[in-house]
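Trainee: Sharing query-v2.pdb here; it has PDB, C-alpha atoms.
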MODEL        1
ATOM      1  CA  MET O 595       0.054   4.493  -9.624
ATOM      2  CA  HIS O 596       3.566   5.860  -9.739
ATOM      3  CA  ILE O 597       4.301   9.542 -10.204
ATOM      4  CA  ALA O 598       7.174   9.720 -12.649
ATOM      5  CA  GLU O 599      10.512  11.428 -12.229
ATOM      6  CA  GLY O 600      10.395  15.161 -12.838
ATOM      7  CA  VAL O 601       6.602  15.485 -12.680
ATOM      8  CA  ALA O 602       6.375  16.902  -9.155
ATOM      9  CA  PRO O 603       7.552  20.481  -8.452
ATOM     10  CA  VAL O 604      10.233  20.795  -5.800
ATOM     11  CA  PRO O 605       7.859  21.892  -2.968
ATOM     12  CA  ILE O 606       5.493  18.974  -3.610
ATOM     13  CA  ALA O 607       8.348  16.474  -3.860
ATOM     14  CA  ALA O 608       9.908  17.856  -0.666
ATOM     15  CA  ALA O 609       6.611  17.661   1.233
ATOM     16  CA  GLY O 610       6.159  14.054   0.133
ATOM     17  CA  ALA O 611       9.704  13.211   1.211
ATOM     18  CA  LEU O 612       9.165  14.767   4.655
ATOM     19  CA  VAL O 613       5.898  12.913   5.287
ATOM     20  CA  ALA O 614       7.324   9.649   4.006
ATOM     21  CA  GLY O 615      10.510  10.077   6.034
ATOM     22  CA  ALA O 616       8.570  10.612   9.253
ATOM     23  CA  GLY O 617       6.308   7.624   8.584
ATOM     24  CA  VAL O 618       9.178   5.326   7.622
ATOM     25  CA  ALA O 619      11.155   6.322  10.721
ATOM     26  CA  LEU O 620       8.143   5.527  12.890
ATOM     27  CA  GLY O 621       7.582   2.238  11.094
ATOM     28  CA  ILE O 622      11.184   1.187  11.654
ATOM     29  CA  ARG O 623      11.061   2.240  15.310
ATOM     30  CA  VAL O 624       8.034   0.100  16.134
ATOM     31  CA  MET O 625       8.975  -2.904  13.980
ATOM     32  CA  LYS O 626       9.652  -6.021  16.043
ATOM     33  CA  ASP O 627      12.351  -8.572  15.172
ATOM     34  CA  GLU O 628       9.745 -11.233  14.466
ATOM     35  CA  GLN O 629       8.151  -8.930  11.886
ATOM     36  CA  ILE O 630      11.263  -8.599   9.740
ATOM     37  CA  PRO O 631      10.845 -11.864   7.747
ATOM     38  CA  ARG O 632       7.195 -11.032   7.131
ATOM     39  CA  ALA O 633       8.089  -7.491   6.056
ATOM     40  CA  ALA O 634      10.704  -8.863   3.652
ATOM     41  CA  LEU O 635       8.167 -11.283   2.172
ATOM     42  CA  ILE O 636       5.534  -8.582   1.660
ATOM     43  CA  SER O 637       8.120  -6.208   0.170
ATOM     44  CA  ALA O 638       9.167  -8.879  -2.328
ATOM     45  CA  ALA O 639       5.530  -9.604  -3.190
ATOM     46  CA  ILE O 640       4.841  -5.901  -3.800
ATOM     47  CA  PHE O 641       7.918  -5.607  -5.996
ATOM     48  CA  VAL O 642       7.085  -8.696  -8.077
ATOM     49  CA  ALA O 643       3.399  -7.804  -8.403
ATOM     50  CA  SER O 644       4.242  -4.282  -9.587
ATOM     51  CA  VAL O 645       6.846  -5.393 -12.111
ATOM     52  CA  VAL O 646       5.476  -8.683 -13.435
ATOM     53  CA  ILE O 647       1.686  -8.271 -13.299
ATOM     54  CA  ARG O 648       0.675  -5.545 -15.734
ATOM     55  CA  LEU O 649      -2.986  -5.512 -16.716
ATOM     56  CA  PRO O 650      -3.737  -3.578 -19.944
ATOM     57  CA  ILE O 651      -7.082  -2.019 -19.044
ATOM     58  CA  GLY O 652      -8.308   1.053 -20.895
ATOM     59  CA  PRO O 653      -5.672   3.613 -21.917
ATOM     60  CA  SER O 654      -3.028   2.395 -19.466
ATOM     61  CA  ALA O 655      -1.636  -0.671 -17.738
ATOM     62  CA  VAL O 656      -2.382  -1.098 -14.053
ATOM     63  CA  HIS O 657      -0.814  -3.395 -11.494
ATOM     64  CA  PRO O 658      -1.660  -4.702  -8.014
ATOM     65  CA  VAL O 659      -0.611  -2.483  -5.109
ATOM     66  CA  LEU O 660      -1.083  -4.956  -2.225
ATOM     67  CA  ASN O 661      -1.255  -2.178   0.350
ATOM     68  CA  GLY O 662      -4.411  -3.635   1.863
ATOM     69  CA  LEU O 663      -2.573  -6.883   2.562
ATOM     70  CA  ALA O 664       0.475  -5.004   3.833
ATOM     71  CA  GLY O 665      -1.664  -2.964   6.184
ATOM     72  CA  ILE O 666      -3.476  -5.842   7.847
ATOM     73  CA  VAL O 667      -0.349  -7.935   8.461
ATOM     74  CA  LEU O 668       2.309  -5.266   9.038
ATOM     75  CA  GLY O 669       0.682  -2.142  10.454
ATOM     76  CA  TRP O 670       3.116   0.755  10.534
ATOM     77  CA  ALA O 671       5.893  -1.468   9.200
ATOM     78  CA  ALA O 672       4.176  -1.223   5.806
ATOM     79  CA  LEU O 673       5.706   2.210   5.182
ATOM     80  CA  PRO O 674       9.382   1.123   5.152
ATOM     81  CA  VAL O 675       8.321  -1.912   3.117
ATOM     82  CA  PHE O 676       6.844   0.318   0.408
ATOM     83  CA  LEU O 677       9.882   2.597   0.477
ATOM     84  CA  ILE O 678      12.211  -0.339  -0.226
ATOM     85  CA  SER O 679      10.019  -1.807  -2.946
ATOM     86  CA  LEU O 680       9.538   1.547  -4.693
ATOM     87  CA  PHE O 681      13.240   2.353  -4.459
ATOM     88  CA  LEU O 682      14.131  -0.919  -6.190
ATOM     89  CA  GLN O 683      11.498  -0.353  -8.864
ATOM     90  CA  ALA O 684      12.914   3.107  -9.584
ATOM     91  CA  LEU O 685      16.505   1.849  -9.548
ATOM     92  CA  LEU O 686      16.062  -1.245 -11.679
ATOM     93  CA  PHE O 687      13.108  -0.478 -13.952
ATOM     94  CA  GLN O 688      12.642   3.310 -13.846
ATOM     95  CA  PHE O 689       9.113   2.963 -12.443
ATOM     96  CA  GLY O 690       8.374   6.161 -10.572
ATOM     97  CA  GLY O 691      11.550   8.032  -9.708
ATOM     98  CA  PHE O 692      13.925   9.078  -6.961
ATOM     99  CA  THR O 693      12.659  12.640  -6.630
ATOM    100  CA  THR O 694       9.095  11.333  -6.345
ATOM    101  CA  LEU O 695       9.985   8.414  -4.078
ATOM    102  CA  GLY O 696       8.531  10.193  -1.052
ATOM    103  CA  ILE O 697       5.226  11.010  -2.760
ATOM    104  CA  ASN O 698       4.854   7.467  -4.097
ATOM    105  CA  THR O 699       5.621   6.015  -0.666
ATOM    106  CA  VAL O 700       2.942   8.234   0.870
ATOM    107  CA  THR O 701       0.271   7.465  -1.750
ATOM    108  CA  MET O 702       0.745   3.708  -1.342
ATOM    109  CA  GLY O 703       1.857   3.430   2.279
ATOM    110  CA  LEU O 704      -0.524   5.746   4.143
ATOM    111  CA  PRO O 705      -3.617   3.833   2.949
ATOM    112  CA  ALA O 706      -2.018   0.686   4.379
ATOM    113  CA  ILE O 707      -1.848   2.398   7.774
ATOM    114  CA  ALA O 708      -5.480   3.502   7.455
ATOM    115  CA  VAL O 709      -6.509  -0.080   6.662
ATOM    116  CA  TYR O 710      -4.585  -1.316   9.690
ATOM    117  CA  TYR O 711      -6.616   0.906  12.019
ATOM    118  CA  LEU O 712      -9.897   0.249  10.236
ATOM    119  CA  PHE O 713      -9.771  -3.518   9.754
ATOM    120  CA  SER O 714      -7.021  -5.264  11.771
ATOM    121  CA  GLY O 715      -9.087  -5.324  14.958
ATOM    122  CA  ARG O 716     -12.009  -6.871  13.089
ATOM    123  CA  LEU O 717      -9.740  -9.540  11.609
ATOM    124  CA  ARG O 718      -8.328 -10.389  15.017
ATOM    125  CA  ALA O 719     -11.876 -10.852  16.296
ATOM    126  CA  SER O 720     -12.989 -12.857  13.250
ATOM    127  CA  THR O 721     -13.564 -16.558  13.851
ATOM    128  CA  THR O 722     -14.759 -17.721  10.441
ATOM    129  CA  GLU O 723     -13.172 -17.708   7.013
ATOM    130  CA  ARG O 724     -16.275 -16.115   5.529
ATOM    131  CA  SER O 725     -16.182 -13.093   7.815
ATOM    132  CA  SER O 726     -12.418 -12.760   7.287
ATOM    133  CA  PHE O 727     -12.932 -12.830   3.531
ATOM    134  CA  ILE O 728     -15.465 -10.003   3.743
ATOM    135  CA  ILE O 729     -13.198  -7.944   6.004
ATOM    136  CA  GLY O 730     -10.191  -8.614   3.772
ATOM    137  CA  LEU O 731     -12.241  -7.706   0.704
ATOM    138  CA  ALA O 732     -13.158  -4.374   2.283
ATOM    139  CA  ALA O 733      -9.566  -3.775   3.387
ATOM    140  CA  GLY O 734      -8.110  -4.434  -0.058
ATOM    141  CA  MET O 735     -10.652  -2.272  -1.851
ATOM    142  CA  THR O 736     -10.357   0.556   0.671
ATOM    143  CA  ALA O 737      -6.568   0.664   0.495
ATOM    144  CA  VAL O 738      -6.399   0.879  -3.301
ATOM    145  CA  ALA O 739      -9.249   3.394  -3.425
ATOM    146  CA  LEU O 740      -7.446   5.629  -0.919
ATOM    147  CA  SER O 741      -4.228   5.268  -2.902
ATOM    148  CA  PHE O 742      -6.011   6.383  -6.055
ATOM    149  CA  ILE O 743      -7.431   9.414  -4.247
ATOM    150  CA  LEU O 744      -4.008  10.403  -2.868
ATOM    151  CA  TRP O 745      -2.326   9.768  -6.228
ATOM    152  CA  GLY O 746      -4.943  11.833  -8.041
ATOM    153  CA  ALA O 747      -4.662  14.662  -5.509
ATOM    154  CA  ALA O 748      -0.874  14.648  -5.850
ATOM    155  CA  LEU O 749      -1.130  14.899  -9.640
ATOM    156  CA  VAL O 750      -3.600  17.780  -9.383
ATOM    157  CA  PHE O 751      -1.230  19.629  -7.050
ATOM    158  CA  CYS O 752       1.615  18.952  -9.478
ATOM    159  CA  GLY O 753      -0.214  20.753 -12.282
ATOM    160  CA  LYS O 754      -3.701  21.297 -13.666
ATOM    161  CA  HIS O 755      -2.662  19.767 -16.990
ATOM    162  CA  LEU O 756      -2.333  16.399 -15.210
ATOM    163  CA  THR O 757      -5.968  16.332 -14.113
ATOM    164  CA  THR O 758      -6.949  14.598 -17.370
ATOM    165  CA  ILE O 759      -4.704  11.654 -16.470
ATOM    166  CA  VAL O 760      -6.660  11.118 -13.262
ATOM    167  CA  GLY O 761      -9.929  10.898 -15.191
ATOM    168  CA  LEU O 762      -8.487   8.475 -17.746
ATOM    169  CA  ALA O 763      -7.113   6.226 -15.011
ATOM    170  CA  LEU O 764     -10.375   6.015 -13.048
ATOM    171  CA  VAL O 765     -11.955   3.110 -14.945
ATOM    172  CA  PRO O 766      -8.799   0.936 -14.983
ATOM    173  CA  TYR O 767      -8.358   1.463 -11.255
ATOM    174  CA  LEU O 768     -11.956   0.562 -10.512
ATOM    175  CA  ALA O 769     -11.077  -2.827 -11.987
ATOM    176  CA  ILE O 770      -7.892  -3.188  -9.941
ATOM    177  CA  ILE O 771      -9.761  -2.115  -6.780
ATOM    178  CA  ALA O 772     -12.184  -5.005  -7.274
ATOM    179  CA  ILE O 773      -9.467  -7.519  -8.173
ATOM    180  CA  GLU O 774      -7.261  -6.607  -5.257
ATOM    181  CA  GLY O 775     -10.195  -6.640  -2.860
ATOM    182  CA  VAL O 776     -11.019 -10.231  -3.813
ATOM    183  CA  PHE O 777      -7.358 -11.259  -3.564
ATOM    184  CA  THR O 778      -6.926  -9.700  -0.119
ATOM    185  CA  GLY O 779     -10.162 -11.331   1.000
ATOM    186  CA  PHE O 780      -8.942 -14.792   0.023
ATOM    187  CA  VAL O 781      -5.580 -14.223   1.739
ATOM    188  CA  ALA O 782      -7.304 -13.021   4.922
ATOM    189  CA  ALA O 783      -9.596 -16.062   4.932
ATOM    190  CA  PHE O 784      -6.642 -18.391   4.363
ATOM    191  CA  LEU O 785      -4.626 -16.820   7.184
ATOM    192  CA  THR O 786      -7.606 -17.083   9.526
ATOM    193  CA  ARG O 787      -7.686 -20.826   8.854
ATOM    194  CA  VAL O 788      -3.976 -21.656   8.989
ATOM    195  CA  TYR O 789      -2.281 -18.822  10.902
ATOM    196  CA  PRO O 790      -4.619 -16.427  12.717
ATOM    197  CA  GLY O 791      -1.619 -15.025  14.596
ATOM    198  CA  ALA O 792      -0.679 -13.221  11.384
ATOM    199  CA  PHE O 793      -2.938 -10.372  12.485
ATOM    200  CA  GLU O 794      -1.591 -10.157  16.035
ATOM    201  CA  ILE O 795       1.861  -8.608  15.662
ATOM    202  CA  PRO O 796       0.708  -5.064  14.765
ATOM    203  CA  GLN O 797      -1.536  -5.120  17.839
ATOM    204  CA  GLN O 798       1.382  -6.251  20.011
ATOM    205  CA  ILE O 799       3.402  -3.333  18.688
ATOM    206  CA  ARG O 800       0.677  -0.905  19.663
ATOM    207  CA  LYS O 801       0.477  -2.383  23.169
ATOM    208  CA  GLY O 802       4.233  -2.189  23.476
ATOM    209  CA  GLY O 803       4.250   1.589  23.207
ATOM    210  CA  GLY O 804       4.109   2.187  19.461
ATOM    211  CA  PRO O 805       1.263   3.773  17.493
TER
ENDMDL
END
How would this structure read if it were set down as structure tokens?

Mentor:
Amino acid sequence: MHIAEGVAPVPIAAAGALVAGAGVALGIRVMKDEQIPRAALISAAIFVASVVIRLPIGPSAVHPVLNGLAGIVLGWAALPVFLISLFLQALLFQFGGFTTLGINTVTMGLPAIAVYYLFSGRLRASTTERSSFIIGLAAGMTAVALSFILWGAALVFCGKHLTTIVGLALVPYLAIIAIEGVFTGFVAAFLTRVYPGAFEIPQQIRKGGGP
């Protein structure tokens, strides 16, 4: 779901950089010290999942995004986490690019924020693993689906000739939406059983004056 180097016109790349910069600055401002180890762990997981797990489905290879998981356990801190992971991918493996770093951060990070507002409260109120699995399933699927929509919209704005790519990628990403939903559901159920406080820190940030 990366937009490659040189694909985005300057105005589109600049707009993505501005939105990403504002979101990352806000994420850093509201991040608590106790969130830093968790943010580092999620960033590493995103990096490894994107680089190591490549599923050849249809005409392209897709990979997990993990923005649903990032959203429910990090809240706004997910945006700087995606920026770091995407920067390292571009630097070390030429996935995405530096000029499109802002757009890629937006397409993957903003859905994580949406998932935080939509599902974190429900997870905090959940008392059973089954209900947490269902909520996590919905969160994971929603995040990747939103990322696909933003990615597709960005490609369309970059040029009409790229619209075909969006259509070709639809079926592979339907598969990854389902896979990631199930994965996020299992993680949410596991955290509910062993560490329900995992869903509390974003809420504490909001109460402390953040978003």

Trainee: Please work out which residues fall within 12 Å of (7.1, -12.2, 0.8), coordinates as given in the file, with all atoms listed in the file counting, and return them as a PyMOL selection string.

Mentor: chain O and resi 629-643+660+663-664+667-668+675+679

Trainee: Mind pulling up the distance from atom CA of O:Ile743 to atom CA of O:Gly610?

Mentor: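 Taking atom CA of O:Gly610 as the start and atom CA of O:Ile743 as the end point, the length is 15.0 Å.
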
Trainee: Write out as a list in words each polymer residue whose atoms come within 9 Å of O:Gly621, counting only C-alpha atoms; drop sequence neighbours fewer than 2 positions from it.

Mentor: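 These residues fall inside the cut-off: Ala616, Gly617, Val618, Ala619, Arg623, Val624, Met625, Gly669, Trp670, Ala671, Ala672, Leu673 and Pro674 of chain O.
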
Trainee: Record the distance separating atom CA of O:Gly665 and atom CA of O:Gly734, expressed in Å with one decimal.

Mentor: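 One can read the atom CA of O:Gly665 to atom CA of O:Gly734 distance as 9.1 Å.
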
Trainee: Could you tell me which residues the PyMOL selection byres ((chain O and resi 597) around 6) returns for this structure, as a tab-separated table (two decimals) with C-alpha atoms, in the frame of the given file?

Mentor:
chain	number	residue	atom	x	y	z
O	596	HIS	CA	3.57	5.86	-9.74
O	598	ALA	CA	7.17	9.72	-12.65
O	690	GLY	CA	8.37	6.16	-10.57

Trainee: Suppose a student applies the PyMOL selection byres ((chain O and resi 721) around 12) to this structure; what residues should they get, written as an MDAnalysis selection string?

Mentor: chainID O and resid 716:720 722:727 729 782:790

Trainee: For a quick check of understanding, using all atoms listed in the file, which of O:Ile622, O:Ile666, O:Val760, O:Ala684 has the smallest distance to O:Val645?

Mentor: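 Using all atoms listed in the file, O:Val645 sits closest to O:Ala684.
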
Trainee: Report as a list in words the residues that result from applying the PyMOL selection byres ((chain O and resi 768) around 12) to the structure here.

Mentor: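 On the file shown, the PyMOL selection byres ((chain O and resi 768) around 12) covers Ile651, Gly652, Val656, His657, Pro658, Met735, Thr736, Val738, Ala739, Leu740, Ser741, Phe742, Ile743, Gly761, Leu762, Ala763, Leu764, Val765, Pro766, Tyr767, Ala769, Ile770, Ile771, Ala772, Ile773, Glu774 and Gly775 of chain O.
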
Trainee: With all atoms listed in the file as the basis for distance, which of O:Ile697, O:Met702, O:Val613, O:Ala792 is at the shortest distance from O:Phe751?

Mentor: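 Among the listed residues, the smallest separation from O:Phe751 belongs to O:Ile697.
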
Trainee: Take atom CA of O:Val646 and atom CA of O:Gly615 and report the distance between them in Å, one decimal.

Mentor: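 Going from atom CA of O:Val646 over to atom CA of O:Gly615 covers 27.5 Å.
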
Trainee: Using the file's own x, y and z axes, so that the box edges lie along x, y and z, what centre and edge lengths in Å (one decimal) does a box around every listed atom of stretch 599-611 of chain O get when 5 Å is added on each side? Give it as lines of an AutoDock Vina configuration file.

Mentor:
center_x = 8.0
center_y = 16.7
center_z = -5.8
size_x = 15.0
size_y = 20.5
size_z = 24.1

Trainee: Using only C-alpha atoms, can you tell me which of O:Leu686, O:Leu695, O:Leu744, O:Val659 comes closest to O:Leu612?

Mentor: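 Closest candidate: O:Leu695.
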
Trainee: Which one of O:Asn661, O:Thr758, O:Glu628, O:Glu794 sits closest to O:Ile707 if you count only C-alpha atoms?

Mentor: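 Once distances to O:Ile707 are computed over only C-alpha atoms, the minimum belongs to O:Asn661.
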
Trainee: Excluding O:Gln688 and residues on its chain fewer than 6 positions from it, collect all residues at most 10 Å away from it, counting only C-alpha atoms, and give them as a ChimeraX atom specification.

Mentor: /O:598-599,680-682

Trainee: Find, counting all atoms listed in the file, the residue in O:Val781, O:Val700, O:Leu620, O:Val604 that gets nearest to O:Ala747.

Mentor: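 Smallest distance to O:Ala747 is found for O:Val700.
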
Trainee: When distances are computed from all atoms listed in the file, which of O:Ser714, O:Thr693, O:Thr701, O:Gln683 shows the smallest separation from O:Ala611?

Mentor: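 Closest to O:Ala611, using all atoms listed in the file: O:Thr693.
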